[in-house]
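Student: One structure follows; several queries about it will come next.
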Protein chains: 2
Amino acid sequence: MPKLGMEPIRKDALVKATITEIGRTGSLDVTVSQIAKRAGMSSALAHHYFGSKEDMFLAAMRHIMTIYGAEVRGALGVAQTPMARIDAIVVASFSPTNFRREAVGAWLNFWVLAQTVPQAKRLVAVYQRRLKSNLLVGLRPLAGARAEGIAEGLGALIDGLYLRQVLRPGAPDGAAAAQMARDYLAAHLPSAPQDHNR
Amino acid sequence: MPKLGMEPIRKDALVKATITEIGRTGSLDVTVSQIAKRAGMSSALAHHYFGSKEDMFLAAMRHIMTIYGAEVRGALGVAQTPMARIDAIVVASFSPTNFRREAVGAWLNFWVLAQTVPQAKRLVAVYQRRLKSNLLVGLRPLAGARAEGIAEGLGALIDGLYLRQVLRPGAPDGAAAAQMARDYLAAHLPSAPQDHNR
DNA sequence: GTTTTTGTTGATTGACGAGTCAATAAACTT
DNA sequence: AAGTTTATTGACTCGTCAATCAACAAAAAC
């Protein structure tokens with residue numbers, strides 16, 4: 001009973017299943033059959049919609065980045081001050097949607113994929129560029145010439161917190177991670193010493 | 001012409017070849033044959049000395065960590081002040097030996113391996129614990145109760161800088177990375193504002 | 001000098017998995 | 001109603017690779 005217009009639904013299910021499976025197993029060594037099964041279809045159908053396993057990986061990467069990008073954009077939309085802009089990015093980066101187990105696990109594996117697949121590398125590069133430029137908009141008014149270095153450092157710290165989350169047991173603590181990023185900012189922007197407790 | 005006492009030599013060659021190959025290809029999907037070939041022997045011999053491919057990976061991880069640990073210990077040995085201790089760790093972390101391309105590429109892949117192989121996870125945990133405790137010895141006299149959080153943050157930053165190095169083209173710039181870590185410290189330890197140029 | 005230990009490899013096995021294909025079926029078109 | 005497009009899958013091909021084995025060689029032990 002082939003309903004028509006299945007393509008987008010199937011592709012979407014496959015993309016999500018790809019992220020889930022990679023995140024769950026913590027490896028790119030997931031079989032197309034595994035992914036297809038989780039998405040509720042045969043592996044042949046998965047190959048029908050995506051040409052190859054690599055295409056599925058790339059689509060999954062794009063999906064993660066799209067969600068992240070949308071969330072950042074949404075938060076930036078309502079930010080009024082430079083400081084609020086930066087904080088919006090930090091909050092979005094560690095929001096439950098983005099900082100959840102499977103997504104972080106998949107993200108790390110995509111980083112590894114980027115070493116092999118040029119297309120994946122380009123996607124990571126896009127992410128890095130966007131993150132940095134978004135941060136700079138908020139940082140330049142606050143830090144002037146030092147903004148560049150601070151953005152670089154904060155970016156690396158965020159990535160590092162993601163990296164470490166991967167091996168942490170239990171549910172991700174986005175709030176703690178976000179606080180760590182804020183501490184970094186507070187230390188580098190003495191102009192806004194908002195909190196120094198503990 | 002079997003010379004005797006080959007075992008340690010062969011094992012050593014295999015461990016180094018494993019790191020090289022993983023770093024070079026940027027993936028754990030290296031074949032035992034590839035590794036053995038680079039180490040100048042047959043794949044059968046590789047299996048003879050290490051029981052399995054996984055054993056080779058674990059030995060390679062241990063090797064990387066051993067080198068790193070030795071270098072840190074050496075640097076700590078001559079450090080007189082708390083600040084010197086912290087700096088010794090930072091310098092060792094980004095020394096040419098540890099911060100070279102293949103080693104960093106392999107290191108990231110081992111991090112991924114840790115998601116799958118409990119033994120590998122334990123090794124990473126050991127690394128993290130040692131790093132943190134080493135940092136704390138230097139940090140506590142300088143930051144008191146804040147030391148804990150700073151050590152955590154600096155650790156994440158270091159890991160993040162490693163992570164990002166993986167995708168950076170060209171030769172690794174350990175000096176720049178180390179400077180970033182120092183900036184982090186300078187910002188969090190206002191007591192020692194050693195440099196604030198640029 | 002024969003037996004044992006250590007080193008070494010080519011060839012083989014066995015499993016697994018990406019991608020293809022042929023076939024079936026339900027919708028839409030004309 | 002015949003033809004076309006879209007959906008779907010079981011079965012198959014083909015390659016790859018970890019791991020094993022049988023065999024050979026040289027040193028050491030007896």
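Chain identifiers are assigned as A, B, and so on, following the order in which chains appear in the structure tokens; residues are numbered from 1 within each chain, and ligands are numbered from 1 in order of appearance.
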Excluding Tyr68 in chain B and any residue of its chain fewer than 3 positions from it, enumerate the residues within 12 Å of it, using only C-alpha atoms (C1' of nucleotides), and give them as a list in words.
Tutor: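 Listed by chain and then number, they are Met61, Arg62, His63, Ile64, Met65, Glu71, Val72, Arg73, Gly74, Ala75, Ile89, Val90, Val91, Ala92, Ser93, Phe94, Ser95, Pro96, Thr97, Asn98, Phe99, Arg100, Ala103, Val104, Trp107, Tyr127, Arg130 and Leu131 of chain B.
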Student: Can you tell me which residues surround Lys3 in chain B at a distance of at most 12 Å, considering only C-alpha atoms (C1' of nucleotides), apart from same-chain residues fewer than 4 positions away, and format the answer as a VMD selection string?
Tutor: (chain B and resid 7 9 to 10) or (chain C and resid 6 to 8) or (chain D and resid 25 to 28)
Student: Restrict the selected residues to C-alpha atoms (C1' of nucleotides) and save them as a PDB file, in the first residue's frame.
Tutor:
```
ATOM      1  CA  GLU B   7      59.214  -9.339  20.507  1.00  0.00           C
ATOM      2  CA  ILE B   9      61.133  -4.505  18.863  1.00  0.00           C
ATOM      3  CA  ARG B  10      58.219  -5.785  16.843  1.00  0.00           C
TER       4      ARG B  10
ATOM      5  C1'  DT C   6      61.101 -18.302  18.861  1.00  0.00           C
ATOM      6  C1'  DG C   7      60.297 -15.894  14.565  1.00  0.00           C
ATOM      7  C1'  DT C   8      58.001 -15.565  10.281  1.00  0.00           C
TER       8       DT C   8
ATOM      9  C1'  DA D  25      63.767 -21.522   9.365  1.00  0.00           C
ATOM     10  C1'  DA D  26      67.089 -20.537  12.689  1.00  0.00           C
ATOM     11  C1'  DA D  27      68.783 -20.304  17.191  1.00  0.00           C
ATOM     12  C1'  DA D  28      69.074 -22.477  21.951  1.00  0.00           C
TER      13       DA D  28
END
```
Student: Using only C-alpha atoms (C1' of nucleotides), I'd like a table of the residues in chain D that come within 12 Å of range 24-33 of chain B; for each, show the closest atom pair and its distance in Å rounded to one decimal, ordered by chain and ascending number, as a tab-separated table.
Tutor:
```
residue	atom	partner	partner_atom	distance
D:DT16	C1'	B:Thr31	CA	9.8
D:DC17	C1'	B:Thr31	CA	7.1
D:DA18	C1'	B:Val32	CA	7.8
D:DA19	C1'	B:Val32	CA	10.4
```
Student: Got a sec to pull out which chain B residues are within 9 Å of chain C, counting only C-alpha atoms (C1' of nucleotides), and send them as a PyMOL selection string?
Tutor: chain B and resi 1-7+41-45
Student: Would you mind exporting N, CA and C atoms of the selected residues as a short mmCIF file (atom, residue, chain, number, x, y, z; two decimals), in the first residue's frame?
Tutor:
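Listed below is the output, again-v8.cif:
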```
data_model
loop_
_atom_site.label_atom_id
_atom_site.label_comp_id
_atom_site.auth_asym_id
_atom_site.auth_seq_id
_atom_site.Cartn_x
_atom_site.Cartn_y
_atom_site.Cartn_z
N MET B 1 66.02 -15.79 8.79
CA MET B 1 67.07 -15.60 9.79
C MET B 1 66.51 -14.96 11.06
N PRO B 2 65.84 -15.73 11.81
CA PRO B 2 65.20 -15.21 13.01
C PRO B 2 66.20 -14.80 14.07
N LYS B 3 66.34 -13.53 14.25
CA LYS B 3 67.12 -13.06 15.39
C LYS B 3 66.24 -13.21 16.63
N LEU B 4 66.84 -13.48 17.72
CA LEU B 4 66.04 -13.63 18.95
C LEU B 4 65.73 -12.28 19.58
N GLY B 5 64.83 -12.32 20.53
CA GLY B 5 64.48 -11.09 21.24
C GLY B 5 63.80 -10.07 20.37
N MET B 6 63.06 -10.56 19.41
CA MET B 6 62.37 -9.66 18.49
C MET B 6 61.11 -9.05 19.09
N GLU B 7 60.53 -9.74 20.01
CA GLU B 7 59.21 -9.34 20.51
C GLU B 7 59.09 -7.86 20.86
N MET B 41 56.29 -5.82 8.50
CA MET B 41 56.10 -7.26 8.72
C MET B 41 54.75 -7.70 8.16
N SER B 42 54.50 -8.97 8.27
CA SER B 42 53.22 -9.48 7.77
C SER B 42 52.12 -9.29 8.80
N SER B 43 50.88 -9.31 8.32
CA SER B 43 49.77 -9.13 9.25
C SER B 43 49.69 -10.31 10.22
N ALA B 44 50.10 -11.46 9.75
CA ALA B 44 50.06 -12.63 10.62
C ALA B 44 50.96 -12.42 11.84
N LEU B 45 52.10 -11.78 11.60
CA LEU B 45 53.02 -11.55 12.72
C LEU B 45 52.43 -10.55 13.72
#
```
Student: What are the closest atom pairs, with distances in Å to one decimal, for all residues of chain A lying within 9 Å of chain B? Consider only C-alpha atoms, order rows by chain and residue number, and present the result as JSON lines.
Tutor:
```
{"residue": "A:Thr25", "atom": "CA", "partner": "B:Thr116", "partner_atom": "CA", "distance": 6.9}
{"residue": "A:Gly26", "atom": "CA", "partner": "B:Gln115", "partner_atom": "CA", "distance": 5.4}
{"residue": "A:Ser27", "atom": "CA", "partner": "B:Val112", "partner_atom": "CA", "distance": 6.9}
{"residue": "A:Asp29", "atom": "CA", "partner": "B:Asp29", "partner_atom": "CA", "distance": 8.9}
{"residue": "A:Gly105", "atom": "CA", "partner": "B:Gln115", "partner_atom": "CA", "distance": 8.7}
{"residue": "A:Leu108", "atom": "CA", "partner": "B:Val112", "partner_atom": "CA", "distance": 7.6}
{"residue": "A:Asn109", "atom": "CA", "partner": "B:Val112", "partner_atom": "CA", "distance": 7.1}
{"residue": "A:Trp111", "atom": "CA", "partner": "B:Leu167", "partner_atom": "CA", "distance": 8.4}
{"residue": "A:Val112", "atom": "CA", "partner": "B:Gly26", "partner_atom": "CA", "distance": 6.9}
{"residue": "A:Leu113", "atom": "CA", "partner": "B:Ser27", "partner_atom": "CA", "distance": 7.8}
{"residue": "A:Ala114", "atom": "CA", "partner": "B:Leu167", "partner_atom": "CA", "distance": 7.6}
{"residue": "A:Gln115", "atom": "CA", "partner": "B:Gly26", "partner_atom": "CA", "distance": 5.4}
{"residue": "A:Thr116", "atom": "CA", "partner": "B:Gly26", "partner_atom": "CA", "distance": 6.3}
{"residue": "A:Lys121", "atom": "CA", "partner": "B:Leu167", "partner_atom": "CA", "distance": 7.6}
{"residue": "A:Val124", "atom": "CA", "partner": "B:Leu167", "partner_atom": "CA", "distance": 8.8}
{"residue": "A:Ala125", "atom": "CA", "partner": "B:Leu167", "partner_atom": "CA", "distance": 8.6}
{"residue": "A:Ala145", "atom": "CA", "partner": "B:Arg198", "partner_atom": "CA", "distance": 7.4}
{"residue": "A:Arg146", "atom": "CA", "partner": "B:Arg198", "partner_atom": "CA", "distance": 6.9}
{"residue": "A:Gly149", "atom": "CA", "partner": "B:Met180", "partner_atom": "CA", "distance": 7.9}
{"residue": "A:Ile150", "atom": "CA", "partner": "B:Met180", "partner_atom": "CA", "distance": 8.9}
{"residue": "A:Glu152", "atom": "CA", "partner": "B:Met180", "partner_atom": "CA", "distance": 8.7}
{"residue": "A:Gly153", "atom": "CA", "partner": "B:Met180", "partner_atom": "CA", "distance": 6.6}
{"residue": "A:Leu154", "atom": "CA", "partner": "B:Leu157", "partner_atom": "CA", "distance": 8.3}
{"residue": "A:Gly155", "atom": "CA", "partner": "B:Gly160", "partner_atom": "CA", "distance": 8.3}
{"residue": "A:Ala156", "atom": "CA", "partner": "B:Gly160", "partner_atom": "CA", "distance": 4.7}
{"residue": "A:Leu157", "atom": "CA", "partner": "B:Leu157", "partner_atom": "CA", "distance": 4.5}
{"residue": "A:Ile158", "atom": "CA", "partner": "B:Gly160", "partner_atom": "CA", "distance": 7.4}
{"residue": "A:Asp159", "atom": "CA", "partner": "B:Gly160", "partner_atom": "CA", "distance": 5.3}
{"residue": "A:Gly160", "atom": "CA", "partner": "B:Gly160", "partner_atom": "CA", "distance": 3.6}
{"residue": "A:Leu161", "atom": "CA", "partner": "B:Ala156", "partner_atom": "CA", "distance": 5.6}
{"residue": "A:Tyr162", "atom": "CA", "partner": "B:Gly160", "partner_atom": "CA", "distance": 8.5}
{"residue": "A:Leu163", "atom": "CA", "partner": "B:Gly160", "partner_atom": "CA", "distance": 7.2}
{"residue": "A:Arg164", "atom": "CA", "partner": "B:Ala156", "partner_atom": "CA", "distance": 7.0}
{"residue": "A:Val166", "atom": "CA", "partner": "B:Gln115", "partner_atom": "CA", "distance": 7.7}
{"residue": "A:Leu167", "atom": "CA", "partner": "B:Gln115", "partner_atom": "CA", "distance": 6.8}
{"residue": "A:Met180", "atom": "CA", "partner": "B:Gly153", "partner_atom": "CA", "distance": 6.6}
{"residue": "A:Ala181", "atom": "CA", "partner": "B:Gly153", "partner_atom": "CA", "distance": 8.4}
{"residue": "A:Asp183", "atom": "CA", "partner": "B:His188", "partner_atom": "CA", "distance": 8.7}
{"residue": "A:Tyr184", "atom": "CA", "partner": "B:Tyr184", "partner_atom": "CA", "distance": 7.5}
{"residue": "A:Ala186", "atom": "CA", "partner": "B:Ala187", "partner_atom": "CA", "distance": 8.8}
{"residue": "A:Ala187", "atom": "CA", "partner": "B:Ala187", "partner_atom": "CA", "distance": 5.1}
{"residue": "A:His188", "atom": "CA", "partner": "B:Ala187", "partner_atom": "CA", "distance": 5.5}
{"residue": "A:Leu189", "atom": "CA", "partner": "B:Ala187", "partner_atom": "CA", "distance": 8.7}
{"residue": "A:Pro190", "atom": "CA", "partner": "B:Ala187", "partner_atom": "CA", "distance": 8.8}
{"residue": "A:Arg198", "atom": "CA", "partner": "B:Arg146", "partner_atom": "CA", "distance": 6.8}
```
Student: Would you mind exporting the chosen residues as a CSV table (one decimal), in the first residue's frame, restricted to N, CA and C atoms?
Tutor:
```csv
chain,number,residue,atom,x,y,z
A,25,THR,N,25.7,3.9,19.6
A,25,THR,CA,26.8,3.0,19.6
A,25,THR,C,28.1,3.7,19.7
A,26,GLY,N,28.1,5.1,19.6
A,26,GLY,CA,29.3,5.8,19.7
A,26,GLY,C,30.3,5.6,18.6
A,27,SER,N,29.8,5.3,17.5
A,27,SER,CA,30.8,4.9,16.4
A,27,SER,C,30.1,5.1,15.0
A,29,ASP,N,30.7,3.0,12.8
A,29,ASP,CA,30.6,1.6,12.3
A,29,ASP,C,29.2,1.1,12.5
A,105,GLY,N,27.2,12.6,20.9
A,105,GLY,CA,28.0,11.4,20.4
A,105,GLY,C,28.1,11.5,18.9
A,108,LEU,N,30.6,14.2,17.7
A,108,LEU,CA,32.0,13.8,17.8
A,108,LEU,C,32.4,12.9,16.7
A,109,ASN,N,31.5,12.0,16.4
A,109,ASN,CA,31.9,11.1,15.3
A,109,ASN,C,31.9,11.8,13.9
A,111,TRP,N,32.9,14.8,13.6
A,111,TRP,CA,34.2,15.5,13.6
A,111,TRP,C,35.3,14.5,13.0
A,112,VAL,N,35.2,13.3,13.5
A,112,VAL,CA,36.1,12.3,13.0
A,112,VAL,C,35.9,12.0,11.5
A,113,LEU,N,34.7,12.0,11.1
A,113,LEU,CA,34.4,11.8,9.7
A,113,LEU,C,35.0,12.9,8.8
A,114,ALA,N,35.0,14.1,9.4
A,114,ALA,CA,35.5,15.2,8.7
A,114,ALA,C,37.0,15.0,8.3
A,115,GLN,N,37.7,14.2,9.0
A,115,GLN,CA,39.1,13.9,8.6
A,115,GLN,C,39.2,13.1,7.4
A,116,THR,N,38.2,12.4,7.0
A,116,THR,CA,38.2,11.5,5.9
A,116,THR,C,37.4,12.1,4.7
A,121,LYS,N,34.2,17.8,6.2
A,121,LYS,CA,35.1,18.8,6.7
A,121,LYS,C,34.5,20.2,6.4
A,124,VAL,N,31.9,21.1,8.9
A,124,VAL,CA,32.4,21.5,10.2
A,124,VAL,C,33.0,22.9,10.1
A,125,ALA,N,33.7,23.2,9.0
A,125,ALA,CA,34.3,24.5,8.8
A,125,ALA,C,33.2,25.6,8.8
A,145,ALA,N,40.0,44.8,20.3
A,145,ALA,CA,41.0,44.0,19.6
A,145,ALA,C,41.2,42.7,20.2
A,146,ARG,N,40.8,42.5,21.5
A,146,ARG,CA,41.0,41.2,22.1
A,146,ARG,C,39.9,40.2,21.7
A,149,GLY,N,40.8,36.8,19.9
A,149,GLY,CA,41.4,35.7,20.7
A,149,GLY,C,40.3,35.1,21.7
A,150,ILE,N,39.5,36.0,22.2
A,150,ILE,CA,38.5,35.5,23.1
A,150,ILE,C,37.5,34.6,22.4
A,152,GLU,N,38.0,32.8,19.8
A,152,GLU,CA,38.7,31.6,19.5
A,152,GLU,C,38.8,30.7,20.7
A,153,GLY,N,39.1,31.3,21.8
A,153,GLY,CA,39.2,30.5,23.1
A,153,GLY,C,37.8,30.0,23.5
A,154,LEU,N,36.8,30.8,23.4
A,154,LEU,CA,35.5,30.3,23.8
A,154,LEU,C,35.0,29.2,22.9
A,155,GLY,N,35.3,29.4,21.6
A,155,GLY,CA,34.9,28.3,20.7
A,155,GLY,C,35.6,27.0,21.1
A,156,ALA,N,36.9,27.0,21.4
A,156,ALA,CA,37.6,25.8,21.7
A,156,ALA,C,37.0,25.2,23.0
A,157,LEU,N,36.7,26.1,23.9
A,157,LEU,CA,36.2,25.7,25.2
A,157,LEU,C,34.8,25.0,25.0
A,158,ILE,N,34.0,25.5,24.2
A,158,ILE,CA,32.7,24.9,23.9
A,158,ILE,C,32.9,23.5,23.3
A,159,ASP,N,33.7,23.5,22.3
A,159,ASP,CA,34.0,22.2,21.7
A,159,ASP,C,34.6,21.2,22.7
A,160,GLY,N,35.5,21.7,23.5
A,160,GLY,CA,36.0,20.8,24.6
A,160,GLY,C,35.0,20.3,25.5
A,161,LEU,N,34.0,21.1,25.9
A,161,LEU,CA,33.0,20.7,26.8
A,161,LEU,C,32.1,19.6,26.1
A,162,TYR,N,31.9,19.8,24.8
A,162,TYR,CA,31.2,18.8,24.1
A,162,TYR,C,31.9,17.5,24.1
A,163,LEU,N,33.2,17.6,23.8
A,163,LEU,CA,34.1,16.4,23.7
A,163,LEU,C,34.0,15.7,25.0
A,164,ARG,N,34.1,16.4,26.1
A,164,ARG,CA,34.2,15.7,27.4
A,164,ARG,C,32.8,15.1,27.8
A,166,VAL,N,30.9,13.6,26.1
A,166,VAL,CA,30.8,12.3,25.4
A,166,VAL,C,31.1,11.1,26.4
A,167,LEU,N,32.1,11.3,27.2
A,167,LEU,CA,32.5,10.2,28.1
A,167,LEU,C,31.9,10.4,29.5
A,180,MET,N,30.2,27.2,32.9
A,180,MET,CA,31.7,27.2,32.6
A,180,MET,C,32.0,28.2,31.5
A,181,ALA,N,31.3,28.2,30.5
A,181,ALA,CA,31.5,29.1,29.4
A,181,ALA,C,31.3,30.5,29.9
A,183,ASP,N,31.8,31.6,32.9
A,183,ASP,CA,32.9,32.0,33.7
A,183,ASP,C,34.1,32.4,32.9
A,184,TYR,N,34.3,31.7,31.8
A,184,TYR,CA,35.3,32.1,30.8
A,184,TYR,C,35.2,33.5,30.4
A,186,ALA,N,33.3,35.9,31.8
A,186,ALA,CA,33.5,36.8,33.0
A,186,ALA,C,34.9,37.1,33.3
A,187,ALA,N,35.7,36.1,33.2
A,187,ALA,CA,37.2,36.3,33.4
A,187,ALA,C,37.8,37.1,32.4
A,188,HIS,N,37.4,37.0,31.1
A,188,HIS,CA,38.0,37.7,30.0
A,188,HIS,C,37.4,39.1,29.8
A,189,LEU,N,36.3,39.3,30.4
A,189,LEU,CA,35.6,40.6,30.2
A,189,LEU,C,35.4,41.3,31.5
A,190,PRO,N,36.5,41.8,32.1
A,190,PRO,CA,36.4,42.4,33.5
A,190,PRO,C,35.4,43.5,33.6
A,198,ARG,N,31.1,31.4,44.8
A,198,ARG,CA,31.8,30.1,44.9
A,198,ARG,C,33.2,30.2,44.4
```
Student: Using only C-alpha atoms (C1' of nucleotides), which residues sit within 8 Å of Leu136 in chain A once same-chain residues fewer than 4 positions away are excluded, as a PyMOL selection string?
Tutor: chain A and resi 132+140+147-148+151
Student: To test your reading of the structure, identify every residue in range 123-190 of chain A that backbone DSSP assigns to alpha helix (DSSP H), and report it as a VMD selection string.
Tutor: chain A and resid 123 to 143 147 to 165 174 to 188
Student: Restricting the output to C-alpha atoms, write the selected residues as a PDB file, in the first residue's frame.
Tutor:
```pdb
ATOM      1  CA  LEU A 123      30.351  21.297   7.077  1.00  0.00           C
ATOM      2  CA  VAL A 124      32.421  21.490  10.235  1.00  0.00           C
ATOM      3  CA  ALA A 125      34.250  24.486   8.817  1.00  0.00           C
ATOM      4  CA  VAL A 126      30.941  26.209   8.206  1.00  0.00           C
ATOM      5  CA  TYR A 127      29.923  25.552  11.799  1.00  0.00           C
ATOM      6  CA  GLN A 128      33.181  26.933  13.132  1.00  0.00           C
ATOM      7  CA  ARG A 129      33.032  30.036  10.973  1.00  0.00           C
ATOM      8  CA  ARG A 130      29.466  30.789  11.951  1.00  0.00           C
ATOM      9  CA  LEU A 131      30.154  30.278  15.625  1.00  0.00           C
ATOM     10  CA  LYS A 132      33.146  32.566  15.549  1.00  0.00           C
ATOM     11  CA  SER A 133      31.483  35.304  13.563  1.00  0.00           C
ATOM     12  CA  ASN A 134      28.405  35.200  15.775  1.00  0.00           C
ATOM     13  CA  LEU A 135      30.551  35.476  18.852  1.00  0.00           C
ATOM     14  CA  LEU A 136      32.537  38.331  17.360  1.00  0.00           C
ATOM     15  CA  VAL A 137      29.485  40.482  16.797  1.00  0.00           C
ATOM     16  CA  GLY A 138      28.868  40.428  20.524  1.00  0.00           C
ATOM     17  CA  LEU A 139      32.492  40.468  21.596  1.00  0.00           C
ATOM     18  CA  ARG A 140      33.881  43.325  19.547  1.00  0.00           C
ATOM     19  CA  PRO A 141      31.943  46.049  21.355  1.00  0.00           C
ATOM     20  CA  LEU A 142      33.043  44.570  24.668  1.00  0.00           C
ATOM     21  CA  ALA A 143      36.601  43.540  24.022  1.00  0.00           C
ATOM     22  CA  ALA A 147      37.678  39.927  20.736  1.00  0.00           C
ATOM     23  CA  GLU A 148      39.369  37.718  18.186  1.00  0.00           C
ATOM     24  CA  GLY A 149      41.355  35.739  20.720  1.00  0.00           C
ATOM     25  CA  ILE A 150      38.473  35.469  23.145  1.00  0.00           C
ATOM     26  CA  ALA A 151      36.168  34.139  20.443  1.00  0.00           C
ATOM     27  CA  GLU A 152      38.734  31.559  19.477  1.00  0.00           C
ATOM     28  CA  GLY A 153      39.193  30.496  23.076  1.00  0.00           C
ATOM     29  CA  LEU A 154      35.511  30.349  23.850  1.00  0.00           C
ATOM     30  CA  GLY A 155      34.914  28.304  20.708  1.00  0.00           C
ATOM     31  CA  ALA A 156      37.583  25.825  21.718  1.00  0.00           C
ATOM     32  CA  LEU A 157      36.172  25.658  25.235  1.00  0.00           C
ATOM     33  CA  ILE A 158      32.682  24.922  23.948  1.00  0.00           C
ATOM     34  CA  ASP A 159      34.014  22.197  21.677  1.00  0.00           C
ATOM     35  CA  GLY A 160      36.039  20.810  24.556  1.00  0.00           C
ATOM     36  CA  LEU A 161      32.985  20.690  26.782  1.00  0.00           C
ATOM     37  CA  TYR A 162      31.157  18.770  24.080  1.00  0.00           C
ATOM     38  CA  LEU A 163      34.067  16.423  23.723  1.00  0.00           C
ATOM     39  CA  ARG A 164      34.175  15.714  27.431  1.00  0.00           C
ATOM     40  CA  GLN A 165      30.443  15.283  27.688  1.00  0.00           C
ATOM     41  CA  GLY A 174      23.936  21.662  30.076  1.00  0.00           C
ATOM     42  CA  ALA A 175      23.561  24.213  32.830  1.00  0.00           C
ATOM     43  CA  ALA A 176      26.951  23.369  34.309  1.00  0.00           C
ATOM     44  CA  ALA A 177      28.607  23.502  30.903  1.00  0.00           C
ATOM     45  CA  ALA A 178      26.984  26.825  30.111  1.00  0.00           C
ATOM     46  CA  GLN A 179      28.137  28.194  33.443  1.00  0.00           C
ATOM     47  CA  MET A 180      31.684  27.177  32.627  1.00  0.00           C
ATOM     48  CA  ALA A 181      31.502  29.113  29.379  1.00  0.00           C
ATOM     49  CA  ARG A 182      30.097  32.112  31.240  1.00  0.00           C
ATOM     50  CA  ASP A 183      32.930  31.958  33.733  1.00  0.00           C
ATOM     51  CA  TYR A 184      35.326  32.073  30.841  1.00  0.00           C
ATOM     52  CA  LEU A 185      33.653  35.205  29.574  1.00  0.00           C
ATOM     53  CA  ALA A 186      33.454  36.838  32.970  1.00  0.00           C
ATOM     54  CA  ALA A 187      37.158  36.285  33.443  1.00  0.00           C
ATOM     55  CA  HIS A 188      38.040  37.705  30.049  1.00  0.00           C
TER      56      HIS A 188
END
```
Student: Find, counting only C-alpha atoms (C1' of nucleotides), the residue in D:DA1, D:DA29, D:DA7, D:DA22 that gets nearest to chain A.
Tutor: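 Result for the nearest residue to chain A: D:DA7.
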